[in-house]
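Next up, model34.txt (compact mmCIF, C-alpha atoms and all ligand atoms):
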```txt
# COMPACT_ATOMS: atom_id res chain seq x y z
CA MET L 1 61.55 61.46 30.19
CA TRP L 2 59.76 61.80 26.83
CA SER L 3 57.62 64.65 28.18
CA ARG L 4 60.76 66.78 28.46
CA HIS L 5 61.20 66.43 24.72
CA ALA L 6 57.70 67.56 23.75
CA ALA L 7 58.88 71.07 22.89
CA ASP L 8 61.94 70.15 20.85
CA TYR L 9 61.65 66.65 19.47
CA GLU L 10 60.79 67.83 15.96
CA ASP L 11 64.29 69.33 15.98
CA ILE L 12 65.88 66.11 17.22
CA PHE L 13 64.27 63.44 15.01
CA LEU L 14 64.05 63.28 11.24
CA ASP L 15 60.58 64.33 10.18
CA PRO L 16 59.00 61.81 7.79
CA TYR L 17 56.11 64.19 7.09
CA GLU L 18 58.25 66.96 5.57
CA PRO L 19 57.68 67.78 1.89
CA GLY L 20 60.47 66.22 -0.15
CA VAL L 21 60.56 63.04 1.96
CA VAL L 22 59.54 59.89 0.08
CA ASN L 23 57.34 58.26 2.69
CA PRO L 24 55.58 54.97 1.78
CA LEU L 25 53.30 55.37 4.81
CA TRP L 26 51.03 57.74 2.85
CA LEU L 27 50.37 55.21 0.08
CA ALA L 28 49.79 52.46 2.64
CA LEU L 29 47.22 54.60 4.47
CA GLU L 30 45.55 55.55 1.18
CA ALA L 31 45.30 51.85 0.33
CA VAL L 32 43.22 50.99 3.42
CA ALA L 33 39.80 50.06 2.04
CA ASP L 34 36.69 51.75 3.51
CA PRO L 35 38.56 53.78 6.14
CA GLY L 36 35.29 55.50 7.07
CA THR L 37 34.20 52.24 8.72
CA LYS L 38 37.50 51.48 10.44
CA THR L 39 39.37 52.03 13.70
CA ILE L 40 43.01 53.06 13.65
CA ALA L 41 45.41 53.61 16.54
CA ASP L 42 48.41 55.97 16.41
CA LEU L 43 50.74 54.34 18.95
CA GLY L 44 53.23 56.81 20.39
CA CYS L 45 51.41 59.62 18.59
CA GLY L 46 53.68 62.29 20.11
CA THR L 47 52.51 65.80 19.31
CA GLY L 48 50.09 64.25 16.81
CA PRO L 49 51.35 65.27 13.33
CA LEU L 50 49.46 62.35 11.77
CA LEU L 51 46.21 62.75 13.71
CA PRO L 52 44.44 65.44 11.64
CA TYR L 53 44.87 63.28 8.51
CA LEU L 54 43.71 60.11 10.29
CA ALA L 55 40.71 61.82 11.87
CA VAL L 56 39.46 63.00 8.47
CA ARG L 57 39.67 59.53 6.91
CA PHE L 58 38.92 56.99 9.62
CA GLN L 59 35.77 56.39 11.63
CA ASN L 60 37.58 56.09 14.97
CA VAL L 61 41.08 57.17 15.90
CA ILE L 62 42.92 56.19 19.07
CA ALA L 63 45.78 58.54 19.92
CA LEU L 64 48.05 56.83 22.45
CA ASP L 65 51.19 58.08 24.13
CA PHE L 66 52.63 57.63 27.61
CA ALA L 67 53.89 61.24 27.80
CA PRO L 68 51.19 63.69 28.96
CA THR L 69 52.93 66.74 27.47
CA MET L 70 52.93 65.08 24.05
CA LEU L 71 49.22 64.29 24.34
CA GLU L 72 48.44 67.88 25.37
CA ARG L 73 50.04 69.15 22.17
CA ALA L 74 48.34 66.45 20.09
CA TRP L 75 44.97 67.37 21.64
CA ALA L 76 45.48 71.03 20.73
CA ARG L 77 46.06 70.18 17.06
CA LEU L 78 42.57 68.84 16.40
CA ASP L 79 39.41 70.70 15.45
CA ILE L 80 35.99 69.83 16.87
CA PRO L 81 34.99 67.21 14.22
CA ALA L 82 38.37 65.49 14.63
CA HIS L 83 37.95 65.44 18.41
CA ALA L 84 34.59 63.73 18.00
CA ARG L 85 36.34 60.79 16.29
CA THR L 86 39.46 60.63 18.46
CA THR L 87 40.05 58.97 21.83
CA PHE L 88 43.21 59.96 23.71
CA LEU L 89 44.91 57.31 25.84
CA GLU L 90 47.77 58.20 28.18
CA ARG L 91 49.60 54.92 28.70
CA PRO L 92 52.46 52.77 27.46
CA MET L 93 51.73 51.01 24.20
CA HIS L 94 52.13 47.49 25.59
CA GLU L 95 48.95 48.08 27.63
CA LEU L 96 46.42 47.27 24.96
CA ASP L 97 44.40 44.43 26.53
CA ASP L 98 41.15 46.43 26.47
CA LEU L 99 41.61 46.88 22.70
CA ALA L 100 42.22 43.18 21.95
CA GLY L 101 40.92 42.32 18.47
CA ARG L 102 39.38 45.78 17.99
CA LEU L 103 41.83 47.63 15.72
CA ASP L 104 41.76 47.51 11.93
CA VAL L 105 45.04 49.40 11.61
CA ALA L 106 47.81 50.37 14.03
CA VAL L 107 50.48 52.95 13.20
CA ALA L 108 53.76 53.55 15.05
CA VAL L 109 55.99 56.28 13.65
CA ASN L 110 59.38 56.57 15.34
CA SER L 111 57.88 55.27 18.57
CA LEU L 112 59.16 51.67 18.55
CA VAL L 113 62.35 52.98 20.08
CA MET L 114 62.41 51.39 23.54
CA PRO L 115 65.94 50.09 24.13
CA ASP L 116 64.76 47.23 26.37
CA LEU L 117 64.35 44.33 23.94
CA ARG L 118 62.01 42.36 26.22
CA LEU L 119 59.73 45.39 26.43
CA LEU L 120 59.97 45.85 22.68
CA ASP L 121 58.97 42.23 21.97
CA HIS L 122 56.22 42.45 24.60
CA THR L 123 54.93 45.64 22.92
CA LEU L 124 54.90 44.08 19.44
CA ALA L 125 52.98 41.07 20.79
CA ALA L 126 50.46 43.44 22.43
CA VAL L 127 50.00 45.34 19.16
CA LYS L 128 49.42 42.02 17.36
CA ARG L 129 46.69 41.07 19.87
CA SER L 130 45.02 44.48 19.56
CA LEU L 131 44.52 44.01 15.81
CA LYS L 132 41.69 42.12 14.16
CA SER L 133 42.80 39.04 12.23
CA GLY L 134 44.20 40.35 8.94
CA GLY L 135 44.58 43.88 10.39
CA MET L 136 47.55 45.99 9.36
CA PHE L 137 50.43 47.35 11.41
CA LEU L 138 52.23 50.24 9.67
CA GLY L 139 55.38 51.75 11.09
CA ILE L 140 58.53 53.74 10.61
CA VAL L 141 61.61 52.92 12.67
CA PRO L 142 64.92 54.79 12.80
CA SER L 143 67.62 53.08 10.78
CA ILE L 144 71.07 52.26 12.20
CA ASP L 145 72.38 51.15 8.78
CA ALA L 146 71.64 54.64 7.42
CA ILE L 147 73.84 56.13 10.16
CA ALA L 148 76.74 53.92 9.02
CA TYR L 149 76.11 55.03 5.42
CA HIS L 150 76.04 58.71 6.43
CA LEU L 151 79.25 58.30 8.43
CA MET L 152 80.96 56.68 5.43
CA LEU L 153 79.99 59.62 3.19
CA LEU L 154 81.26 62.17 5.72
CA VAL L 155 84.59 60.33 6.09
CA ASP L 156 84.96 60.26 2.29
CA GLN L 157 84.16 63.96 2.18
CA GLY L 158 86.90 64.70 4.72
CA LEU L 159 89.41 62.62 2.74
CA ALA L 160 88.44 64.42 -0.46
CA GLN L 161 89.10 67.72 1.33
CA GLY L 162 92.65 66.56 2.10
CA LEU L 163 92.32 65.38 5.71
CA ASP L 164 94.28 62.28 6.70
CA GLU L 165 92.23 59.21 7.54
CA ARG L 166 92.33 59.65 11.30
CA GLU L 167 91.29 63.28 11.11
CA ALA L 168 88.56 62.56 8.54
CA GLU L 169 87.11 59.90 10.87
CA ARG L 170 87.37 62.19 13.88
CA VAL L 171 85.60 65.10 12.17
CA ALA L 172 82.89 62.86 10.67
CA GLY L 173 82.41 61.14 14.02
CA LEU L 174 81.96 64.47 15.79
CA ARG L 175 79.45 65.74 13.24
CA LEU L 176 77.38 62.58 13.51
CA GLU L 177 77.79 62.12 17.28
CA ARG L 178 79.28 58.71 16.56
CA ARG L 179 80.10 58.07 20.22
CA GLN L 180 76.40 58.19 21.10
CA TYR L 181 75.69 55.16 18.88
CA ASP L 182 76.10 51.47 19.55
CA PHE L 183 76.22 50.18 15.99
CA ALA L 184 76.30 46.48 16.84
CA LEU L 185 73.22 46.55 19.05
CA GLY L 186 71.43 49.47 17.38
CA ARG L 187 71.18 52.04 20.16
CA PHE L 188 71.49 55.80 20.39
CA ARG L 189 71.75 58.04 23.42
CA PHE L 190 70.61 61.68 23.24
CA LYS L 191 70.15 64.10 26.16
CA GLY L 192 69.65 61.22 28.57
CA LEU L 193 67.20 59.50 26.23
CA LYS L 194 68.15 56.00 25.10
CA GLN L 195 66.64 54.96 21.77
CA LYS L 196 66.47 51.81 19.71
CA PHE L 197 67.69 52.06 16.11
CA TRP L 198 66.93 49.25 13.68
CA GLN L 199 68.56 47.06 11.04
CA PRO L 200 66.13 45.92 8.32
CA PHE L 201 66.67 42.24 9.22
CA GLU L 202 65.67 43.06 12.79
CA VAL L 203 62.36 44.54 11.62
CA GLU L 204 61.55 41.22 9.91
CA HIS L 205 62.87 39.18 12.83
CA ARG L 206 60.95 40.96 15.61
CA LEU L 207 57.69 41.36 13.71
CA GLY L 208 57.83 37.69 12.70
CA LYS L 209 58.52 36.69 16.30
CA ALA L 210 55.42 38.63 17.40
CA GLY L 211 53.30 36.68 14.88
CA PHE L 212 53.07 39.25 12.08
CA THR L 213 53.59 38.57 8.39
CA VAL L 214 55.75 41.34 6.92
CA ARG L 215 54.14 42.50 3.66
CA ALA L 216 56.51 45.38 2.89
CA LEU L 217 59.82 46.73 4.14
CA GLU L 218 60.84 49.91 2.31
CA LYS L 219 63.02 52.93 2.80
CA VAL L 220 61.62 56.30 3.83
CA LEU L 221 63.95 58.56 1.84
CA TYR L 222 65.20 61.85 3.27
CA PRO L 223 66.73 64.44 0.95
CA TRP L 224 70.18 65.66 1.94
CA ASP L 225 69.38 69.02 3.47
CA ASP L 226 70.28 70.96 6.61
CA SER L 227 68.24 68.57 8.80
CA LEU L 228 71.13 66.08 8.34
CA PRO L 229 74.70 66.89 9.48
CA GLY L 230 76.73 67.93 6.45
CA GLY L 231 73.67 67.24 4.31
CA GLU L 232 74.19 70.19 1.95
CA GLY L 233 77.49 68.71 0.78
CA LEU L 234 76.05 65.25 0.09
CA ALA L 235 73.31 66.15 -2.38
CA GLY L 236 74.97 64.16 -5.18
CA PHE L 237 74.63 60.86 -3.31
CA PRO L 238 71.64 58.54 -2.85
CA PRO L 239 69.53 59.79 0.06
CA SER L 240 69.50 58.65 3.66
CA TRP L 241 66.62 56.62 5.06
CA ASP L 242 64.57 55.16 7.86
CA TRP L 243 62.64 51.89 7.56
CA PHE L 244 58.94 51.70 6.78
CA PHE L 245 57.15 48.41 7.32
CA MET L 246 53.70 47.06 6.63
CA ALA L 247 52.87 43.91 8.60
CA GLN L 248 49.69 41.85 8.74
CA ALA L 249 48.23 40.34 11.91
C1 LIG R 301 59.94 60.50 18.24
S1 LIG R 301 58.34 60.66 18.91
C2 LIG R 301 57.33 60.33 17.48
C3 LIG R 301 55.94 60.85 17.65
C4 LIG R 301 55.00 60.71 16.46
N1 LIG R 301 54.67 59.32 16.22
C5 LIG R 301 55.52 61.36 15.22
O1 LIG R 301 55.56 60.72 14.19
O2 LIG R 301 55.87 62.54 15.26
C6 LIG R 301 58.14 59.17 19.87
C7 LIG R 301 56.87 59.18 20.70
O3 LIG R 301 56.63 57.87 21.19
C8 LIG R 301 56.25 57.93 22.53
N2 LIG R 301 56.61 56.65 23.14
C9 LIG R 301 57.85 56.08 23.16
N3 LIG R 301 57.77 54.89 23.78
C10 LIG R 301 56.46 54.70 24.12
C11 LIG R 301 55.76 53.67 24.77
N4 LIG R 301 56.39 52.56 25.18
N5 LIG R 301 54.43 53.80 24.98
C12 LIG R 301 53.78 54.93 24.57
N6 LIG R 301 54.40 55.95 23.94
C13 LIG R 301 55.73 55.83 23.72
C14 LIG R 301 57.02 59.12 23.11
O4 LIG R 301 56.40 59.65 24.26
C15 LIG R 301 56.97 60.08 21.93
O5 LIG R 301 55.84 60.90 21.99
```
In C-alpha cells, write the structure found in this file.
Ligand SMILES: C[S@@+](CC[C@H](N)C(=O)[O-])C[C@H]1O[C@@H](n2cnc3c(N)ncnc32)[C@H](O)[C@@H]1O
Amino acid sequence: MWSRHAADYEDIFLDPYEPGVVNPLWLALEAVADPGTKTIADLGCGTGPLLPYLAVRFQNVIALDFAPTMLERAWARLDIPAHARTTFLERPMHELDDLAGRLDVAVAVNSLVMPDLRLLDHTLAAVKRSLKSGGMFLGIVPSIDAIAYHLMLLVDQGLAQGLDEREAERVAGLRLERRQYDFALGRFRFKGLKQKFWQPFEVEHRLGKAGFTVRALEKVLYPWDDSLPGGEGLAGFPPSWDWFFMAQA
C-alpha cells in the first residue's frame, strides 16, 4: 500500500524539512554527542530525505522501510561515501530483534502512523529494545489536535465572510476533508491509506507504556502557506503543528 505512494507522498504529507518550518528534530540531532562513533536508525525512512544528513554525521546509519519503492528512492539519494555508512533494511519496523541493544539513536518521522494500536504498541516496544540503555528515540507524529485547530480557523473565516454557521462548517469541512478524520480516535483515511494521528497526551502515554522516559514533547511549527488548505488566508494566526518527541530508553 505505501509503495503506491512513493511518487506522491511529499504532496500528501506536511514536509517537516521545508525551509520556514520550525523543526526541533534538527537541534536534537545536533545535540547527539560524538555522532561519528554512533549508530542511528531511520525507521520508516520513506524516500530518505533525512538520510544524506545522517550519513554525513553518524558512523552507521540504518535506513528501514517496509515499502520497496520507498527504499529504491532513498537508495538513489545517497552518494558513494553515504552508501558506505548506510545499511538498507526492507521490513516492518517492529522486526528489530537482530538490532536489540545496538542503536544509539532511532528516528521515526511521520512513520508511527499504523492505525492498529496493538501493532503500534508492539512497534514502540521493539524500538525500545533496539536501543542501548540511555539511547534516544526522536520522532515526529501527525497531530490530530492541529486539525481541529485548523478547522476552527476555517469555520471562523467562513463566518467572517458572511456565511451562516452551517454553510461555514460545510465549506471548512470540505476544504479540510473533515469526513476522512476520526477525531476521537485520531485516525485519517486518504486514498485507501489509513493513518494514525496523535494527541500530545497519547505520545506520552504510549511511549511511557513502552518503557521510554519522555524528555521533550514540542510542536513542529508549519507556516500558513499553500501546503495547508486555506493557509494563505490564515497567516495572521499562530501556526499549525505536528508533534516532535524526544524519548530516552
Ligand atoms: C509519510 S512517510 C515518511 C517518510 C520519511 N520518514 C520522511 O520523513 O519523509 C511514512 C513512511 O513510513 C513507512 N512505514 C509506515 N509504517 C511502517 C512500518 N510499520 N514499518 C516500516 N515502515 C513503515 C512507509 O512505507 C513510508 O515510507
Two-atom distance - atom CA of L:Ala63, atom CA of L:Glu90 (Å): 8.5 Å
Around (37.7, 52.0, 10.6), as given in the file, which residues come within 10 Å? Count only C-alpha atoms and list them as an mmCIF file with C-alpha atoms, in the frame of the given file.
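This is the output file part_24.cif:
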```
data_model
loop_
_atom_site.group_PDB
_atom_site.id
_atom_site.type_symbol
_atom_site.label_atom_id
_atom_site.label_comp_id
_atom_site.auth_asym_id
_atom_site.auth_seq_id
_atom_site.Cartn_x
_atom_site.Cartn_y
_atom_site.Cartn_z
ATOM 1 C CA VAL L 32 43.220 50.990 3.420
ATOM 2 C CA ALA L 33 39.800 50.060 2.040
ATOM 3 C CA ASP L 34 36.690 51.750 3.510
ATOM 4 C CA PRO L 35 38.560 53.780 6.140
ATOM 5 C CA GLY L 36 35.290 55.500 7.070
ATOM 6 C CA THR L 37 34.200 52.240 8.720
ATOM 7 C CA LYS L 38 37.500 51.480 10.440
ATOM 8 C CA THR L 39 39.370 52.030 13.700
ATOM 9 C CA ILE L 40 43.010 53.060 13.650
ATOM 10 C CA ALA L 41 45.410 53.610 16.540
ATOM 11 C CA ARG L 57 39.670 59.530 6.910
ATOM 12 C CA PHE L 58 38.920 56.990 9.620
ATOM 13 C CA GLN L 59 35.770 56.390 11.630
ATOM 14 C CA ASN L 60 37.580 56.090 14.970
ATOM 15 C CA VAL L 61 41.080 57.170 15.900
ATOM 16 C CA ARG L 102 39.380 45.780 17.990
ATOM 17 C CA LEU L 103 41.830 47.630 15.720
ATOM 18 C CA ASP L 104 41.760 47.510 11.930
ATOM 19 C CA VAL L 105 45.040 49.400 11.610
#
```
Give me, as a tab-separated table, each residue of chain L that comes within 9 Å of ligand LIG 301 (chain R), together with its shortest interatomic pair and the distance in Å at one decimal, counting only C-alpha atoms and all ligand atoms, with rows ordered by chain and rising residue number.
```
residue	atom	partner	partner_atom	distance
L:Met1	CA	R:LIG301	O4	8.1
L:Trp2	CA	R:LIG301	O4	4.7
L:Ser3	CA	R:LIG301	O4	6.5
L:His5	CA	R:LIG301	C15	8.1
L:Ala6	CA	R:LIG301	O5	7.1
L:Tyr9	CA	R:LIG301	C1	6.5
L:Glu10	CA	R:LIG301	O2	7.3
L:Ile12	CA	R:LIG301	C1	8.2
L:Phe13	CA	R:LIG301	C1	6.2
L:Leu14	CA	R:LIG301	C1	8.6
L:Asp15	CA	R:LIG301	O2	7.2
L:Pro16	CA	R:LIG301	O1	7.3
L:Tyr17	CA	R:LIG301	O1	7.9
L:Asp42	CA	R:LIG301	N1	7.1
L:Leu43	CA	R:LIG301	N6	6.4
L:Gly44	CA	R:LIG301	O3	3.7
L:Cys45	CA	R:LIG301	N1	4.0
L:Gly46	CA	R:LIG301	O5	3.2
L:Thr47	CA	R:LIG301	O2	6.2
L:Gly48	CA	R:LIG301	C4	6.1
L:Pro49	CA	R:LIG301	O2	5.6
L:Leu50	CA	R:LIG301	O1	6.8
L:Leu64	CA	R:LIG301	C12	6.4
L:Asp65	CA	R:LIG301	N6	3.9
L:Phe66	CA	R:LIG301	C12	4.2
L:Ala67	CA	R:LIG301	O4	4.6
L:Pro68	CA	R:LIG301	O4	8.1
L:Thr69	CA	R:LIG301	O5	8.5
L:Met70	CA	R:LIG301	O5	5.5
L:Leu71	CA	R:LIG301	O5	7.8
L:Glu90	CA	R:LIG301	C12	7.7
L:Arg91	CA	R:LIG301	C12	5.9
L:Pro92	CA	R:LIG301	N5	3.3
L:Met93	CA	R:LIG301	N5	4.0
L:His94	CA	R:LIG301	N4	6.6
L:Glu95	CA	R:LIG301	N5	8.4
L:Val107	CA	R:LIG301	N1	8.2
L:Ala108	CA	R:LIG301	N1	6.0
L:Val109	CA	R:LIG301	N1	4.2
L:Asn110	CA	R:LIG301	C2	4.8
L:Ser111	CA	R:LIG301	O3	3.9
L:Leu112	CA	R:LIG301	N3	6.3
L:Val113	CA	R:LIG301	N3	6.2
L:Met114	CA	R:LIG301	N3	5.8
L:Leu119	CA	R:LIG301	N4	8.0
L:Leu120	CA	R:LIG301	N4	8.0
L:Thr123	CA	R:LIG301	N4	7.4
L:Ile140	CA	R:LIG301	O1	8.4
L:Gln195	CA	R:LIG301	C9	9.0
```
Given the point (50.5, 49.8, 10.3) in the file's coordinates, find the residues that have an atom at most 6 Å from it, counting all atoms listed in the file, and give them as a list in words. Val105, Ala106, Val107, Met136, Phe137, Leu138, Gly139 and Met246 of chain L
Please write out, as lines of an AutoDock Vina configuration file, where the centre of an axis-aligned box around all listed atoms of stretch 168-186 of chain L lies and how long its edges are, in Å to one decimal, after adding 4 Å on each side.
```
center_x = 80.0
center_y = 56.1
center_z = 14.8
size_x = 25.1
size_y = 27.3
size_z = 20.6
```
Looking at all atoms listed in the file, which of L:Glu72, L:Asp182, L:Asp98, L:Asp79 is the one that sits closest to L:Tyr53? L:Asp79
Using all atoms listed in the file, the shortest atom-to-atom distance to L:Ala125 among L:Val203, L:Ala249, L:Ala146, L:Leu151 belongs to L:Ala249
Distance in Å - atom CA of L:Phe188 versus atom CA of L:Lys209: 23.5 Å
Restricting the calculation to all atoms listed in the file, which member of L:Leu174, L:Asp226, L:Asp242, L:Gly233 is positioned closest to L:Gln199?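 Ranking L:Leu174, L:Asp226, L:Asp242, L:Gly233 by distance to L:Gln199, first place goes to L:Asp242.
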Go through L:Val220, L:Leu27, L:Leu54, L:Leu228 and flag the residue nearest L:Val141, using all atoms listed in the file for the distances.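 Nearest to L:Val141: L:Val220.
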Could you name the residues that touch L:Asp156 at 10 Å or less, counting all atoms listed in the file, but leaving out those on the same chain fewer than 5 positions away, as an NGL selection string? :L and (150-151 or 161-163 or 165 or 168-169 or 172)
Computed interatomic separation between atom CA of L:Ala216 and atom CA of L:Phe244 (Å):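 Separation between atom CA of L:Ala216 and atom CA of L:Phe244: 7.8 Å.
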So which residues touch L:Arg129 within 9 Å, counting only C-alpha atoms, skipping near sequence neighbours fewer than 5 positions away, as a list in words?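 That gives Leu96, Asp97, Leu99, Ala100, Gly101, Arg102, Leu124 and Ala249 of chain L.
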